[in-house]
Each structure stands twice: as C-alpha cells, then as structure tokens.
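What follows is the content of data03.cif, which has mmCIF, C-alpha atoms, pLDDT in the B column; chains and numbers go by the auth columns:
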```cif
data_input
#
loop_
_atom_site.group_PDB
_atom_site.id
_atom_site.type_symbol
_atom_site.label_atom_id
_atom_site.label_comp_id
_atom_site.label_asym_id
_atom_site.label_seq_id
_atom_site.Cartn_x
_atom_site.Cartn_y
_atom_site.Cartn_z
_atom_site.B_iso_or_equiv
_atom_site.auth_seq_id
_atom_site.auth_asym_id
ATOM 1 C CA MET A 1 59.430 -222.577 -179.262 46.00 1 L
ATOM 2 C CA ALA A 2 60.189 -218.887 -178.712 50.00 2 L
ATOM 3 C CA ARG A 3 57.936 -216.799 -176.477 47.00 3 L
ATOM 4 C CA ASN A 4 57.426 -213.084 -176.483 51.00 4 L
ATOM 5 C CA ASN A 5 56.119 -210.730 -173.805 49.00 5 L
ATOM 6 C CA SER A 6 52.545 -210.994 -175.016 48.00 6 L
ATOM 7 C CA ASP A 7 52.413 -214.712 -174.203 45.00 7 L
ATOM 8 C CA ASP A 8 51.257 -216.044 -170.821 46.00 8 L
ATOM 9 C CA LEU A 9 54.237 -214.671 -168.924 47.00 9 L
ATOM 10 C CA LEU A 10 53.845 -212.584 -165.788 47.00 10 L
ATOM 11 C CA MET A 11 55.244 -209.109 -166.059 50.00 11 L
ATOM 12 C CA GLU A 12 57.428 -207.590 -163.348 52.00 12 L
ATOM 13 C CA ASP A 13 54.522 -205.651 -161.764 55.00 13 L
ATOM 14 C CA ASP A 14 52.351 -208.770 -161.731 55.00 14 L
ATOM 15 C CA LEU A 15 55.129 -210.763 -160.061 49.00 15 L
ATOM 16 C CA ALA A 16 55.634 -208.068 -157.441 50.00 16 L
ATOM 17 C CA ALA A 17 51.891 -207.993 -156.716 54.00 17 L
ATOM 18 C CA ALA A 18 51.814 -211.792 -156.436 52.00 18 L
ATOM 19 C CA PHE A 19 54.803 -211.945 -154.087 51.00 19 L
ATOM 20 C CA LEU A 20 53.803 -208.950 -151.995 56.00 20 L
ATOM 21 C CA GLY A 21 50.371 -210.366 -151.343 54.00 21 L
ATOM 22 C CA GLY A 22 48.426 -208.147 -153.688 50.00 22 L
ATOM 23 C CA ASP A 23 44.877 -209.375 -154.096 49.00 23 L
ATOM 24 C CA GLU A 24 44.650 -207.984 -157.611 47.00 24 L
ATOM 25 C CA GLU A 25 43.788 -210.541 -160.219 48.00 25 L
ATOM 26 C CA LEU A 26 46.355 -211.106 -162.946 47.00 26 L
ATOM 27 C CA VAL A 27 43.643 -210.985 -165.597 50.00 27 L
ATOM 28 C CA ALA A 28 41.282 -208.142 -166.302 49.00 28 L
ATOM 29 C CA PRO A 29 38.267 -208.378 -163.989 50.00 29 L
ATOM 30 C CA LYS A 30 34.934 -209.238 -165.592 54.00 30 L
ATOM 31 C CA GLU A 31 32.534 -206.322 -165.837 55.00 31 L
ATOM 32 C CA GLU A 32 29.357 -206.898 -163.833 53.00 32 L
ATOM 33 C CA THR A 33 25.953 -206.090 -165.201 55.00 33 L
ATOM 34 C CA ALA A 34 23.246 -204.389 -163.176 52.00 34 L
ATOM 35 C CA GLU A 35 21.340 -207.684 -162.902 53.00 35 L
ATOM 36 C CA GLU A 36 24.406 -209.424 -161.368 53.00 36 L
ATOM 37 C CA VAL A 37 24.977 -206.775 -158.722 51.00 37 L
ATOM 38 C CA ALA A 38 22.504 -207.183 -155.862 51.00 38 L
ATOM 39 C CA PRO A 39 22.140 -204.297 -153.435 52.00 39 L
ATOM 40 C CA GLN A 40 23.732 -204.950 -150.040 52.00 40 L
ATOM 41 C CA GLU A 41 21.291 -205.095 -147.153 51.00 41 L
ATOM 42 C CA GLU A 42 22.089 -202.755 -144.316 50.00 42 L
ATOM 43 C CA THR A 43 22.014 -204.344 -140.884 48.00 43 L
ATOM 44 C CA SER A 44 22.282 -202.760 -137.495 49.00 44 L
ATOM 45 C CA GLU A 45 24.621 -205.537 -136.296 51.00 45 L
ATOM 46 C CA PRO A 46 28.335 -204.679 -136.269 50.00 46 L
ATOM 47 C CA VAL A 47 30.505 -206.619 -138.702 48.00 47 L
ATOM 48 C CA GLU A 48 33.579 -208.218 -137.181 48.00 48 L
ATOM 49 C CA ASP A 49 36.822 -207.591 -139.035 45.00 49 L
ATOM 50 C CA ASP A 50 39.218 -210.510 -138.655 46.00 50 L
ATOM 51 C CA GLY A 51 42.014 -208.740 -140.500 42.00 51 L
ATOM 52 C CA GLY A 52 41.918 -211.336 -143.265 43.00 52 L
ATOM 53 C CA TRP A 53 43.043 -214.164 -140.991 43.00 53 L
ATOM 54 C CA GLY A 54 39.797 -216.139 -141.060 45.00 54 L
ATOM 55 C CA ASP A 55 38.843 -218.036 -137.932 47.00 55 L
ATOM 56 C CA THR A 56 41.755 -217.329 -135.573 46.00 56 L
ATOM 57 C CA ASP A 57 40.457 -219.785 -132.977 50.00 57 L
ATOM 58 C CA ASP A 58 41.900 -222.647 -135.040 51.00 58 L
ATOM 59 C CA PHE A 59 45.563 -221.871 -134.352 53.00 59 L
ATOM 60 C CA PRO A 60 47.562 -220.331 -131.518 59.00 60 L
ATOM 61 C CA GLY A 61 49.176 -216.916 -131.868 67.00 61 L
ATOM 62 C CA GLN A 62 52.805 -216.607 -132.862 73.00 62 L
ATOM 63 C CA LEU A 63 55.404 -215.293 -130.444 84.00 63 L
ATOM 64 C CA ALA A 64 57.994 -212.893 -131.910 88.00 64 L
ATOM 65 C CA VAL A 65 61.576 -213.721 -130.918 94.00 65 L
ATOM 66 C CA ASP A 66 65.123 -212.420 -131.292 96.00 66 L
ATOM 67 C CA VAL A 67 67.926 -214.997 -131.484 97.00 67 L
ATOM 68 C CA TYR A 68 71.608 -214.045 -131.293 97.00 68 L
ATOM 69 C CA GLU A 69 74.889 -215.472 -130.092 95.00 69 L
ATOM 70 C CA THR A 70 77.956 -214.364 -128.222 95.00 70 L
ATOM 71 C CA ALA A 71 81.316 -216.107 -128.111 92.00 71 L
ATOM 72 C CA ASP A 72 80.057 -218.869 -125.796 93.00 72 L
ATOM 73 C CA LYS A 73 76.269 -218.377 -125.479 96.00 73 L
ATOM 74 C CA LEU A 74 73.131 -218.509 -127.619 96.00 74 L
ATOM 75 C CA VAL A 75 70.404 -216.109 -126.474 97.00 75 L
ATOM 76 C CA VAL A 76 66.689 -216.164 -127.302 97.00 76 L
ATOM 77 C CA LYS A 77 64.558 -213.174 -126.258 97.00 77 L
ATOM 78 C CA ALA A 78 60.790 -212.816 -126.540 94.00 78 L
ATOM 79 C CA ARG A 79 58.429 -210.030 -125.502 90.00 79 L
ATOM 80 C CA THR A 80 56.016 -211.638 -123.084 88.00 80 L
ATOM 81 C CA ALA A 81 54.456 -208.644 -121.354 85.00 81 L
ATOM 82 C CA GLY A 82 51.461 -209.580 -119.245 83.00 82 L
ATOM 83 C CA ILE A 83 52.358 -213.275 -119.006 87.00 83 L
ATOM 84 C CA SER A 84 53.092 -214.806 -115.627 87.00 84 L
ATOM 85 C CA LYS A 85 55.753 -217.454 -115.099 90.00 85 L
ATOM 86 C CA SER A 86 53.077 -220.028 -114.320 90.00 86 L
ATOM 87 C CA ASP A 87 51.478 -219.474 -117.759 89.00 87 L
ATOM 88 C CA LEU A 88 54.746 -220.152 -119.646 93.00 88 L
ATOM 89 C CA ASP A 89 56.052 -223.508 -120.848 94.00 89 L
ATOM 90 C CA VAL A 90 59.619 -223.633 -122.198 95.00 90 L
ATOM 91 C CA SER A 91 61.188 -226.862 -123.425 95.00 91 L
ATOM 92 C CA ILE A 92 64.089 -228.028 -125.593 95.00 92 L
ATOM 93 C CA SER A 93 64.731 -231.327 -127.317 93.00 93 L
ATOM 94 C CA ASP A 94 67.255 -232.131 -130.043 93.00 94 L
ATOM 95 C CA ASN A 95 68.156 -228.437 -130.481 94.00 95 L
ATOM 96 C CA ILE A 96 64.474 -227.496 -131.007 95.00 96 L
ATOM 97 C CA LEU A 97 63.174 -224.839 -128.596 96.00 97 L
ATOM 98 C CA THR A 98 59.442 -224.545 -127.890 95.00 98 L
ATOM 99 C CA ILE A 99 57.916 -221.623 -126.002 94.00 99 L
ATOM 100 C CA SER A 100 54.181 -221.754 -125.367 92.00 100 L
ATOM 101 C CA GLY A 101 51.656 -220.400 -122.937 90.00 101 L
ATOM 102 C CA VAL A 102 48.474 -218.479 -122.392 87.00 102 L
ATOM 103 C CA LEU A 103 48.046 -214.714 -122.310 82.00 103 L
ATOM 104 C CA SER A 104 44.966 -214.030 -120.245 77.00 104 L
ATOM 105 C CA GLY A 105 43.349 -210.775 -119.306 72.00 105 L
ATOM 106 C CA GLY A 106 41.563 -209.681 -122.453 63.00 106 L
ATOM 107 C CA GLU A 107 38.190 -210.911 -121.300 68.00 107 L
ATOM 108 C CA ASP A 108 35.818 -208.780 -119.297 73.00 108 L
ATOM 109 C CA GLU A 109 32.408 -210.246 -118.543 78.00 109 L
ATOM 110 C CA GLN A 110 30.822 -206.786 -118.536 84.00 110 L
ATOM 111 C CA THR A 111 31.930 -205.989 -122.110 83.00 111 L
ATOM 112 C CA THR A 112 28.921 -205.416 -124.333 86.00 112 L
ATOM 113 C CA ARG A 113 30.685 -204.392 -127.533 87.00 113 L
ATOM 114 C CA TRP A 114 34.296 -204.164 -128.716 81.00 114 L
ATOM 115 C CA HIS A 115 35.318 -201.081 -130.681 88.00 115 L
ATOM 116 C CA ILE A 116 38.972 -201.999 -131.267 87.00 116 L
ATOM 117 C CA GLN A 117 40.665 -205.255 -130.329 79.00 117 L
ATOM 118 C CA GLU A 118 44.274 -205.380 -131.469 79.00 118 L
ATOM 119 C CA CYS A 119 45.886 -207.127 -128.515 78.00 119 L
ATOM 120 C CA TYR A 120 46.217 -210.892 -128.771 76.00 120 L
ATOM 121 C CA TRP A 121 44.711 -212.852 -125.878 80.00 121 L
ATOM 122 C CA GLY A 122 44.820 -216.613 -125.606 83.00 122 L
ATOM 123 C CA GLU A 123 47.211 -219.417 -126.429 87.00 123 L
ATOM 124 C CA PHE A 124 50.482 -218.764 -128.182 88.00 124 L
ATOM 125 C CA SER A 125 53.301 -221.006 -129.301 88.00 125 L
ATOM 126 C CA ARG A 126 56.645 -220.744 -131.065 92.00 126 L
ATOM 127 C CA THR A 127 58.987 -223.552 -132.090 94.00 127 L
ATOM 128 C CA ILE A 128 62.500 -222.660 -133.223 94.00 128 L
ATOM 129 C CA ALA A 129 65.271 -224.825 -134.637 96.00 129 L
ATOM 130 C CA LEU A 130 68.285 -223.298 -132.902 96.00 130 L
ATOM 131 C CA PRO A 131 70.983 -222.200 -135.376 95.00 131 L
ATOM 132 C CA VAL A 132 73.943 -223.629 -133.418 93.00 132 L
ATOM 133 C CA PRO A 133 74.281 -226.731 -131.224 93.00 133 L
ATOM 134 C CA VAL A 134 73.640 -225.965 -127.550 95.00 134 L
ATOM 135 C CA ARG A 135 73.999 -227.888 -124.315 93.00 135 L
ATOM 136 C CA GLU A 136 70.572 -228.952 -123.057 92.00 136 L
ATOM 137 C CA ASP A 137 71.342 -229.955 -119.462 91.00 137 L
ATOM 138 C CA GLU A 138 69.843 -227.945 -116.583 89.00 138 L
ATOM 139 C CA ASN A 139 73.163 -226.354 -115.636 92.00 139 L
ATOM 140 C CA SER A 140 73.714 -224.991 -119.173 93.00 140 L
ATOM 141 C CA VAL A 141 70.347 -223.306 -119.740 95.00 141 L
ATOM 142 C CA ARG A 142 68.907 -220.294 -117.940 96.00 142 L
ATOM 143 C CA ALA A 143 65.431 -218.814 -118.465 96.00 143 L
ATOM 144 C CA GLU A 144 64.494 -215.500 -116.885 96.00 144 L
ATOM 145 C CA LEU A 145 61.274 -213.479 -117.084 95.00 145 L
ATOM 146 C CA LYS A 146 61.940 -209.838 -116.232 94.00 146 L
ATOM 147 C CA ASP A 147 60.084 -206.644 -117.184 92.00 147 L
ATOM 148 C CA GLY A 148 57.949 -208.456 -119.750 90.00 148 L
ATOM 149 C CA VAL A 149 60.894 -210.046 -121.580 95.00 149 L
ATOM 150 C CA LEU A 150 61.654 -213.767 -121.515 96.00 150 L
ATOM 151 C CA THR A 151 65.385 -214.355 -121.945 97.00 151 L
ATOM 152 C CA ILE A 152 66.667 -217.890 -122.463 97.00 152 L
ATOM 153 C CA THR A 153 70.445 -218.314 -122.457 97.00 153 L
ATOM 154 C CA PHE A 154 72.139 -221.519 -123.609 97.00 154 L
ATOM 155 C CA ASP A 155 75.763 -222.584 -123.361 96.00 155 L
ATOM 156 C CA LYS A 156 76.936 -223.409 -126.864 94.00 156 L
ATOM 157 C CA GLU A 157 78.390 -226.843 -127.502 90.00 157 L
ATOM 158 C CA LYS A 158 82.149 -226.686 -127.555 83.00 158 L
ATOM 159 C CA SER A 159 83.283 -227.651 -130.995 76.00 159 L
ATOM 160 C CA GLU A 160 86.746 -228.998 -131.254 72.00 160 L
ATOM 161 C CA GLU A 161 89.184 -227.111 -133.397 73.00 161 L
ATOM 162 C CA PRO A 162 89.862 -228.878 -136.682 77.00 162 L
ATOM 163 C CA LYS A 163 92.896 -231.134 -136.451 79.00 163 L
ATOM 164 C CA LYS A 164 95.488 -231.066 -139.148 83.00 164 L
ATOM 165 C CA ILE A 165 95.922 -234.401 -140.888 86.00 165 L
ATOM 166 C CA THR A 166 99.212 -234.981 -142.614 89.00 166 L
ATOM 167 C CA VAL A 167 98.946 -236.502 -146.022 92.00 167 L
ATOM 168 C CA GLN A 168 101.656 -239.119 -146.647 86.00 168 L
#
```

Just give me the structure of the file as structure tokens.
Amino acid sequence: MARNNSDDLLMEDDLAAAFLGGDEELVAPKEETAEEVAPQEETSEPVEDDGGWGDTDDFPGQLAVDVYETADKLVVKARTAGISKSDLDVSISDNILTISGVLSGGEDEQTTRWHIQECYWGEFSRTIALPVPVREDENSVRAELKDGVLTITFDKEKSEEPKKITVQ
C-alpha cells in the first residue's frame, strides 16, 4: 500500500517539535466554547513554579561530570561547590562509579517567602559506567576535593598488546 504526505505521517517540523520537547499537539487543538472556559480565580497565595519537573522530592538531583583520559589515567571531574568532604560518598564496583552526597545550606528558618530559588539543595547522586577498564584498588585511585571541584583519577588497566599468531 502506497502512502502519500497527507496520510498519518509526521512532517519534518512535527518530528523536530516532538524530539526537541515541544509541547505542541500534533493535531489541531479543539476550539473551546465560552461555556467550557471557566474564569480563573485570583488568589493572593503565590504559585510555586517547579520548572515542569513535578515533585522534585521524589528523586535526587543529578551531578554534572566531565570524564576524560590521558595515556595512563582516567579522570572524572565534578563541580561540587559548597559540599564538604564529609557530605560526599564516592564508590566504585565493577567499573561503575557512584558519587552521591548532600548539599546543605539552602535552608534558612527565618525565610518567609522565596522569590527565586534556582540553586539545588539536598541529595544528589550520579552513577557512571566508566568507558575504559580501570584499576579499583586503593593505590590506583585518588579522589581530591579542591576549590569546589571533585577530581577522581584512576589508573587504567594495562591491556596487553595484541600478539601475532602465525597461521600454519
């Protein structure tokens, strides 16, 4: 069965909107009648804007990281400004790195009303499958917290050079 552009295919603009997170409906919106549109009540209470994330108390914040390698090391860096060493937990198992902790300091008991709250306060966590095999023993891993940046350096596993096999 042949299809043409007027069939139920998404056009390029519709695909871009769908993939770029556009909230536009792919069908023409239904026109509302005056009876269907109820006037909005005005309240004196401020409305909290959650940025479209819903209830953010259900999941910890994400930690942004940079991961790169040198000839013999794998390096993971994360901006952790305002976090003390005692509030960080770093672990590795089977080449999976987990960095988690708590960023405290956003609470002030005397606050009566927030006007802008863009900084994340609370639990955060990040789990990363490392892109190359690393040594996981204590002597091969170094974690340092300096000037608000957590730097974790791993020794890469030494891979043996391929050996030539003679075909007889």

Report as a VMD selection string the full result of the PyMOL selection byres ((chain L and resi 153) around 7) when it is applied to this structure. chain L and resid 73 to 76 141 to 143 151 to 152 154 to 155

Env of Ser159 in chain L: 12 Å cut, atoms = all atoms listed in the file, seq-sep filter 6 positions within chain, self excluded. Answer as a short mmCIF file (atom, residue, chain, number, x, y, z; two decimals) with C-alpha atoms, in the frame of the given file.
```cif
data_model
loop_
_atom_site.label_atom_id
_atom_site.label_comp_id
_atom_site.auth_asym_id
_atom_site.auth_seq_id
_atom_site.Cartn_x
_atom_site.Cartn_y
_atom_site.Cartn_z
CA ASP L 72 80.06 -218.87 -125.80
CA VAL L 132 73.94 -223.63 -133.42
CA PRO L 133 74.28 -226.73 -131.22
CA VAL L 134 73.64 -225.96 -127.55
CA ARG L 135 74.00 -227.89 -124.32
#
```

At a cut-off of 9 Å, using only C-alpha atoms, what residues contact Leu130 in chain L? Leave out same-chain residues fewer than 6 positions from it and give the result as a ChimeraX atom specification. /L:67,74,95-97

Can you work out the spacing between CA of Lys158 in chain L and CA of Asp137 in chain L in Å, to one decimal? 13.9 Å

Since I can't run it myself right now, could you work out what the PyMOL selection byres ((chain L and resi 88) around 6) selects here and report it as a ChimeraX atom specification? /L:85-87,89,100-101

Shortest interatomic distance to Phe124 in chain L - which of L:Ile83, L:Val102, L:Ile92, L:Leu145, counting all atoms listed in the file: L:Val102

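Using all atoms listed in the file, the shortest contact distance between Lys77 in chain L and any of L:Leu150, L:Val90, L:Ala64, L:Ile128 is found at L:Leu150.
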
CA of Glu69 in chain L and CA of Tyr120 in chain L, how far apart in Å? 29.1 Å

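One finds CA of Gly82 in chain L at 10.0 Å from CA of Trp121 in chain L.
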
How big is the axis-aligned box around all listed atoms of range 98-104 of chain L once 4 Å goes on each side, and where's its centre, in Å to one decimal, as AutoDock Vina command-line options?
```
--center_x 52.2 --center_y -219.3 --center_z -124.1 --size_x 22.5 --size_y 18.5 --size_z 15.6
```

Residue with the minimum atom-to-atom distance to Arg79 in chain L, picked from L:Thr98, L:Ser104, L:Thr166, L:Gln62 with all atoms listed in the file counted, is L:Gln62

Of the listed residues L:Lys163, L:Val149, L:Glu144, L:Leu103, that which approaches Gly122 in chain L most closely, counting only C-alpha atoms: L:Leu103
